[in-house]
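This is data.txt (compact mmCIF, C-alpha atoms).
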# COMPACT_ATOMS: atom_id res chain seq x y z
CA MET A 71 39.39 -30.48 5.87
CA ARG A 72 39.90 -27.23 4.08
CA HIS A 73 36.21 -27.20 3.04
CA ALA A 74 35.03 -28.06 6.55
CA ARG A 75 37.15 -25.26 8.02
CA ALA A 76 35.70 -22.83 5.45
CA TYR A 77 32.15 -23.87 6.32
CA GLY A 78 32.91 -23.48 10.02
CA LEU A 79 34.24 -19.95 9.56
CA ALA A 80 31.24 -19.05 7.46
CA GLY A 81 28.91 -20.34 10.18
CA LEU A 82 30.65 -18.29 12.85
CA ALA A 83 30.41 -15.20 10.66
CA ALA A 84 26.69 -15.78 10.15
CA LEU A 85 26.15 -16.15 13.90
CA ALA A 86 28.06 -12.92 14.53
CA VAL A 87 25.96 -11.02 11.98
CA ALA A 88 22.75 -12.43 13.49
CA ALA A 89 23.86 -11.44 16.97
CA VAL A 90 24.57 -7.88 15.84
CA ALA A 91 21.17 -7.69 14.11
CA VAL A 92 19.38 -8.93 17.22
CA ALA A 93 21.27 -6.43 19.38
CA GLN A 94 20.29 -3.57 17.07
CA THR A 95 16.56 -4.44 17.01
CA THR A 96 16.10 -5.22 20.70
CA VAL A 97 14.18 -2.34 22.46
CA THR A 98 15.31 -1.47 25.95
CA PRO A 99 12.44 0.34 27.77
CA VAL A 100 13.27 3.67 29.37
CA PRO A 101 12.58 3.76 33.10
CA GLU A 102 9.25 5.44 33.85
CA LYS A 103 9.46 8.90 35.34
CA ALA A 104 7.76 9.70 38.58
CA PRO A 105 4.22 11.13 38.07
CA VAL A 106 4.01 14.92 37.87
CA GLN A 107 2.80 16.52 41.07
CA VAL A 108 -0.27 18.72 40.41
CA ALA A 109 -1.04 21.62 42.72
CA PRO A 110 -3.61 24.44 42.40
CA LEU A 111 -2.22 27.78 41.29
CA ALA A 112 -2.51 30.60 43.79
CA GLY A 113 -5.11 33.10 42.61
CA ALA A 114 -6.38 30.81 39.86
CA GLU A 115 -9.32 32.24 37.93
CA GLU A 116 -12.70 31.17 39.20
CA HIS A 117 -15.19 29.68 36.78
CA ALA A 118 -18.93 30.15 36.67
CA THR A 119 -21.93 29.24 34.56
CA TRP A 120 -24.67 31.57 33.40
CA GLY A 121 -26.32 33.34 36.31
CA ASP A 122 -29.57 32.40 37.99
CA PRO A 123 -31.85 35.44 38.54
CA LYS A 124 -33.65 33.83 41.48
CA LYS A 125 -30.40 33.12 43.28
CA GLY A 126 -29.23 36.61 42.39
CA GLN A 127 -32.34 38.14 43.93
CA ALA A 128 -31.57 36.35 47.19
CA LYS A 129 -28.05 37.80 47.13
CA ALA A 130 -29.07 41.35 46.15
CA GLY A 131 -29.91 42.38 49.69
CA ALA A 132 -26.32 43.57 50.16
CA CYS A 133 -26.78 45.88 47.15
CA ALA A 134 -30.14 47.34 48.14
CA ALA A 135 -28.90 50.10 50.45
CA CYS A 136 -27.18 51.94 47.59
CA HIS A 137 -28.61 50.53 44.36
CA GLY A 138 -32.10 49.51 45.42
CA LEU A 139 -33.22 45.90 45.56
CA ASP A 140 -34.21 46.00 41.88
CA GLY A 141 -31.22 48.07 40.77
CA ASN A 142 -33.01 51.45 40.75
CA PRO A 143 -31.32 53.63 43.37
CA ALA A 144 -32.94 56.51 45.19
CA ALA A 145 -29.75 58.57 45.60
CA PRO A 146 -28.40 60.23 42.42
CA THR A 147 -24.78 59.42 43.23
CA TYR A 148 -25.18 55.66 42.86
CA PRO A 149 -25.42 53.93 39.47
CA ARG A 150 -28.59 52.35 38.17
CA LEU A 151 -28.01 48.60 37.73
CA ALA A 152 -31.46 47.59 36.51
CA GLY A 153 -31.26 46.41 32.92
CA MET A 154 -27.47 46.07 32.93
CA PRO A 155 -26.08 43.09 30.96
CA GLU A 156 -25.23 40.16 33.22
CA ARG A 157 -21.60 39.90 32.11
CA TYR A 158 -21.01 43.63 32.60
CA VAL A 159 -22.16 43.46 36.23
CA ALA A 160 -20.03 40.36 36.85
CA GLN A 161 -16.96 42.00 35.25
CA GLN A 162 -17.25 45.12 37.37
CA LEU A 163 -17.66 43.10 40.56
CA ALA A 164 -14.53 41.13 39.66
CA LEU A 165 -12.61 44.39 39.14
CA PHE A 166 -13.77 45.62 42.53
CA LYS A 167 -12.81 42.32 44.18
CA THR A 168 -9.26 42.53 42.80
CA GLN A 169 -9.17 46.30 43.45
CA GLN A 170 -8.20 46.95 39.85
CA ARG A 171 -11.00 49.46 39.59
CA ALA A 172 -9.89 52.41 41.73
CA ASP A 173 -12.22 55.32 40.95
CA ALA A 174 -13.55 57.62 43.67
CA MET A 175 -16.36 55.38 44.93
CA ALA A 176 -14.62 52.04 44.31
CA PRO A 177 -13.40 51.49 47.92
CA VAL A 178 -17.05 51.30 49.02
CA MET A 179 -17.43 48.22 46.85
CA TYR A 180 -14.23 46.41 47.89
CA PRO A 181 -15.49 44.64 51.04
CA ILE A 182 -18.78 43.73 49.38
CA ALA A 183 -17.09 42.23 46.30
CA GLN A 184 -14.55 40.37 48.44
CA ALA A 185 -17.34 38.23 49.86
CA LEU A 186 -18.51 37.12 46.39
CA ASN A 187 -17.29 34.28 44.23
CA ALA A 188 -17.55 34.19 40.44
CA GLN A 189 -20.93 32.44 40.47
CA ASP A 190 -22.35 34.98 42.93
CA MET A 191 -21.34 37.74 40.52
CA ARG A 192 -23.07 36.05 37.59
CA ASP A 193 -26.21 35.43 39.64
CA LEU A 194 -26.37 39.08 40.68
CA GLY A 195 -25.81 40.14 37.09
CA ALA A 196 -28.64 37.89 35.92
CA TRP A 197 -30.99 39.39 38.52
CA PHE A 198 -30.26 43.00 37.61
CA GLN A 199 -30.43 42.24 33.89
CA THR A 200 -34.03 41.07 34.30
CA GLN A 201 -35.11 44.24 36.10
CA LYS A 202 -36.75 47.19 34.33
CA ALA A 203 -34.66 50.33 34.45
CA GLY A 204 -36.36 53.54 35.50
CA ALA A 205 -35.47 56.93 34.07
CA GLY A 206 -35.17 60.50 35.18
CA ILE A 207 -35.81 63.79 33.42
CA ALA A 208 -33.55 65.33 30.80
CA ASP A 209 -32.84 69.06 31.24
CA ASP A 210 -34.65 71.01 28.51
CA THR A 211 -33.46 74.44 29.60
CA ALA A 212 -32.61 76.62 26.59
CA ILE A 213 -28.91 77.37 26.16
CA ALA A 214 -28.51 81.16 26.20
CA THR A 215 -25.01 81.72 24.85
CA GLY A 216 -22.21 80.07 22.90
CA PRO A 217 -22.21 77.95 19.75
CA ASN A 218 -25.24 75.98 20.92
CA ALA A 219 -27.39 78.98 21.85
CA GLY A 220 -31.08 78.30 21.32
CA LYS A 221 -30.78 74.52 21.71
CA LYS A 222 -32.21 72.66 24.66
CA TYR A 223 -29.51 71.61 27.10
CA TYR A 224 -29.91 67.86 26.49
CA GLU A 225 -29.88 68.23 22.69
CA VAL A 226 -26.11 68.69 22.55
CA GLY A 227 -25.69 65.32 24.26
CA GLU A 228 -28.39 63.75 22.12
CA ALA A 229 -26.47 64.72 18.96
CA LEU A 230 -23.33 63.05 20.33
CA PHE A 231 -25.23 59.97 21.45
CA ARG A 232 -26.87 59.45 18.07
CA GLY A 233 -24.27 60.75 15.64
CA GLY A 234 -20.99 61.42 17.45
CA ASP A 235 -18.62 64.02 15.99
CA LYS A 236 -16.72 62.71 12.99
CA ALA A 237 -14.47 65.78 12.76
CA ARG A 238 -13.10 65.11 16.25
CA GLY A 239 -13.08 61.34 15.99
CA ILE A 240 -15.91 60.83 18.48
CA PRO A 241 -18.11 57.82 17.62
CA ALA A 242 -21.83 57.78 18.33
CA CYS A 243 -22.55 56.36 21.79
CA MET A 244 -25.33 54.22 20.38
CA ALA A 245 -22.84 52.38 18.16
CA CYS A 246 -21.75 50.41 21.25
CA HIS A 247 -24.55 51.00 23.74
CA GLY A 248 -27.54 50.57 21.42
CA ALA A 249 -30.02 53.01 19.91
CA ALA A 250 -32.21 52.75 23.00
CA GLY A 251 -29.23 52.70 25.37
CA GLN A 252 -29.89 49.09 26.30
CA GLY A 253 -26.22 48.06 26.24
CA ASN A 254 -24.65 45.09 24.47
CA PRO A 255 -24.45 41.77 26.35
CA GLY A 256 -21.90 40.28 23.93
CA PRO A 257 -18.86 42.49 24.58
CA ALA A 258 -20.45 43.44 27.93
CA TYR A 259 -21.04 47.11 27.15
CA PRO A 260 -23.23 48.69 29.84
CA ALA A 261 -26.77 49.92 29.44
CA LEU A 262 -27.04 53.72 29.56
CA ALA A 263 -30.79 54.28 29.40
CA GLY A 264 -32.02 56.09 32.50
CA GLN A 265 -28.59 56.21 34.16
CA GLN A 266 -28.34 58.80 36.93
CA ALA A 267 -26.97 62.05 35.47
CA ASP A 268 -24.76 62.74 38.51
CA TYR A 269 -23.20 59.30 38.27
CA ALA A 270 -22.82 59.39 34.48
CA LYS A 271 -21.16 62.82 34.67
CA ARG A 272 -18.68 61.66 37.30
CA ARG A 273 -17.78 58.53 35.34
CA LEU A 274 -17.25 60.46 32.10
CA GLU A 275 -14.99 62.89 33.95
CA GLU A 276 -13.04 59.95 35.39
CA TYR A 277 -12.70 58.43 31.94
CA ARG A 278 -11.47 61.77 30.61
CA THR A 279 -8.70 62.02 33.20
CA GLY A 280 -7.96 58.28 33.31
CA THR A 281 -8.78 58.16 37.02
CA GLY A 282 -9.01 54.66 38.46
CA ALA A 283 -8.11 52.91 35.23
CA PRO A 284 -7.92 49.11 35.57
CA PRO A 285 -4.67 48.30 33.69
CA THR A 286 -6.00 45.21 31.89
CA TYR A 287 -9.58 46.35 31.26
CA LYS A 288 -9.59 47.44 27.62
CA ASN A 289 -13.11 48.90 27.71
CA PHE A 290 -11.97 51.57 30.17
CA HIS A 291 -9.22 52.66 27.81
CA ILE A 292 -11.66 52.79 24.88
CA MET A 293 -13.87 55.14 26.87
CA ALA A 294 -10.90 57.17 28.09
CA THR A 295 -9.89 57.88 24.49
CA ILE A 296 -13.41 59.03 23.61
CA ALA A 297 -14.03 61.06 26.77
CA SER A 298 -10.71 62.88 26.44
CA LYS A 299 -12.25 64.80 23.52
CA LEU A 300 -15.39 65.95 25.36
CA THR A 301 -15.83 69.39 26.91
CA ASP A 302 -17.41 70.00 30.32
CA ASP A 303 -20.60 71.23 28.66
CA GLU A 304 -20.80 68.15 26.44
CA ILE A 305 -20.31 65.80 29.38
CA GLY A 306 -23.03 67.59 31.33
CA SER A 307 -25.44 67.56 28.40
CA LEU A 308 -24.74 63.94 27.50
CA SER A 309 -25.31 62.87 31.12
CA SER A 310 -28.62 64.73 31.16
CA PHE A 311 -29.75 63.12 27.91
CA ILE A 312 -28.82 59.64 29.17
CA GLN A 313 -30.81 60.20 32.36
CA GLY A 314 -33.97 60.85 30.37
CA LEU A 315 -33.34 58.09 27.81
CA HIS A 316 -35.94 55.35 28.01
CA ASN A 317 -38.14 53.09 25.95
CA ARG A 318 -41.41 54.84 25.13
CA ALA A 319 -43.23 51.59 25.82
CA ASN A 320 -42.33 52.10 29.49
CA ASP A 321 -44.15 55.43 29.70
CA ALA A 322 -46.96 55.61 32.24
CA GLY A 323 -50.27 54.90 30.52
CA ALA A 324 -48.62 53.51 27.38
CA GLN A 325 -50.77 50.94 25.63
CA PRO A 326 -48.97 47.72 24.67
CA SER A 327 -48.88 47.12 20.96
CA ALA A 328 -47.23 44.53 18.78
CA ALA A 329 -46.16 47.34 16.49
CA ALA A 330 -44.84 49.57 19.28
CA SER A 331 -41.52 51.12 18.41
CA PRO A 332 -38.60 50.47 20.80
CA VAL A 333 -37.09 53.85 19.87
CA ALA A 334 -35.93 55.66 22.98
CA ALA A 335 -36.71 59.26 23.87
CA ALA A 336 -35.23 61.92 26.08
CA PRO A 337 -38.30 63.57 27.58
CA ALA A 338 -38.22 67.07 28.96
For the structure just supplied, provide its representation as structure tokens.
Amino acid sequence: MRHARAYGLAGLAALAVAAVAVAQTTVTPVPEKAPVQVAPLAGAEEHATWGDPKKGQAKAGACAACHGLDGNPAAPTYPRLAGMPERYVAQQLALFKTQQRADAMAPVMYPIAQALNAQDMRDLGAWFQTQKAGAGIADDTAIATGPNAGKKYYEVGEALFRGGDKARGIPACMACHGAAGQGNPGPAYPALAGQQADYAKRRLEEYRTGTGAPPTYKNFHIMATIASKLTDDEIGSLSSFIQGLHNRANDAGAQPSAAASPVAAAPA
């Protein structure tokens, strides 16, 4: 009897251990949570693909009154858009739509940009990028007095465009905008070749004073730092040089050649 009782107790102990083991290894599933409710964010960024020039041409009618249908305006106060990088045009339109860009002429663009979505902006940019920019005439009047006496008026600006001023920390304009002023589509730096002198002068003055600075647009602040070091005479001369800057291959009567140099000139 003593052995039977011992075996019985041992059996009960084994069952207890097994029960504990089963209890410890049994997985109790956690109740599923209710699915997350997804709602669009107010003011969410619009997305767009690369622009379509043909669609942009159809939408450019709203731009024609000031900028010309092909981006070459007749009035000197409006910027030339022909040849501008697609992304630069789209970025500026987005700044106008959100009213972050607040320079003197910006309110004119607000109602126009409000009617555009992100794809419209890319399409317009693609259209203007494919257009050939015209050019004006650079002022070659001789400077009579001052440290630049004897130079042609545009030559002061040409020196800044091509070489900057290392002593004052002014980089060459062509470092960002290209040797021919064609702009840079990667970081969306604008084309300068042939830009209206009146417009270029006003924009450089606005950069210098920080007028209408979009708070989150870093390129404005880069230009503001550079322009803050320019004098009135330098801004005027640089604007004149830019107006005459163009690709020699675009000259009237120029013969096309596979070896033609794309070097730009500032004609008098």
Could you tell me, as an MDAnalysis selection string, which residues have any atom at most 12 Å from (-16.8, 50.5, 36.6), counting all atoms listed in the file?
-> chainID A and resid 148:149 151 158:167 169:177 179 258:260 269:270 272:274 276:277 281:284 287:291 293
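Pairwise distance (atom CA of Trp120 of chain A, atom CA of Arg318 of chain A) equals 29.8 Å.
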7 Å contact set for segment 200-205 of chain A, only C-alpha atoms, chain neighbours under 6 positions out, as a ChimeraX atom specification | /A:140,142,152-153,264-265,313-316
Using all atoms listed in the file, which residue out of A:Cys243, A:Ile312, A:Ala118, A:Ala267 lies closest to Asn187 of chain A?
->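 Among the listed residues, the smallest separation from Asn187 of chain A belongs to A:Ala118.
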Distance query Lys236 of chain A at most 12 Å, only C-alpha atoms, self and fewer than 5 positions along chain excluded, as a PyMOL selection string | chain A and resi 229-230+241-242+296+299
In Å, rounded to a single decimal, give me how far atom CA of Lys124 of chain A is from atom CA of Gly138 of chain A.
->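 Distance between the two atoms: 16.2 Å.
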Close residues, Met154 of chain A itself excluded, 8 Å, all atoms listed in the file, min 5 positions apart in chain, as an mmCIF file with C-alpha atoms, keeping the file's coordinate frame:
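Just written: part-v6.cif:
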data_model
loop_
_atom_site.group_PDB
_atom_site.id
_atom_site.type_symbol
_atom_site.label_atom_id
_atom_site.label_comp_id
_atom_site.auth_asym_id
_atom_site.auth_seq_id
_atom_site.Cartn_x
_atom_site.Cartn_y
_atom_site.Cartn_z
ATOM 1 C CA VAL A 159 -22.160 43.460 36.230
ATOM 2 C CA GLY A 195 -25.810 40.140 37.090
ATOM 3 C CA PHE A 198 -30.260 43.000 37.610
ATOM 4 C CA GLN A 199 -30.430 42.240 33.890
ATOM 5 C CA GLN A 252 -29.890 49.090 26.300
ATOM 6 C CA GLY A 253 -26.220 48.060 26.240
ATOM 7 C CA PRO A 260 -23.230 48.690 29.840
ATOM 8 C CA ALA A 261 -26.770 49.920 29.440
#
For atom CA of Ala188 of chain A and atom CA of Ala294 of chain A, the interatomic separation in Å (one decimal) |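 That distance, rounded to one decimal, is 26.9 Å.
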Residues near Leu308 of chain A, cut-off 8 Å, all atoms listed in the file, skip fewer than 3 positions along chain, as a PyMOL selection string | chain A and resi 224+226-228+230-231+304-305+311-312
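Shortest separation to Ala130 of chain A among A:Ala214, A:Leu186, A:Gly256, A:Ala250 occurs at residue A:Leu186, atoms counted being all atoms listed in the file.
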Looking at A:Pro155, A:Pro285, A:Pro181, A:Gly306, which one is nearest to Gly251 of chain A, with distances taken over only C-alpha atoms?
->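 That would be A:Pro155, the residue with the smallest distance to Gly251 of chain A.
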Of the candidates A:Arg232, A:Arg150, A:Lys129, A:Lys221, which one gets nearest to Leu262 of chain A if we count only C-alpha atoms?
->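 Result for the nearest residue to Leu262 of chain A: A:Arg150.
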Would you compute, for all listed atoms of segment 156-171 of chain A, the axis-aligned bounding box grown by 4 Å on each side, and then report its centre and edge lengths in Å rounded to one decimal, as AutoDock Vina command-line options?
--center_x -16.7 --center_y 44.7 --center_z 38.1 --size_x 25.0 --size_y 17.6 --size_z 20.1
Shortest interatomic distance to Ala134 of chain A - which of A:Gly280, A:Leu194, A:Ile213, A:Gly220, counting only C-alpha atoms =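 Smallest separation from Ala134 of chain A among the options: A:Leu194.
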Would you please work out which residue, of A:Glu225, A:Leu139, A:Ala145, A:Arg278, is nearest to Gln266 of chain A when using only C-alpha atoms?
->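 For Gln266 of chain A, the nearest of the candidates is A:Ala145.
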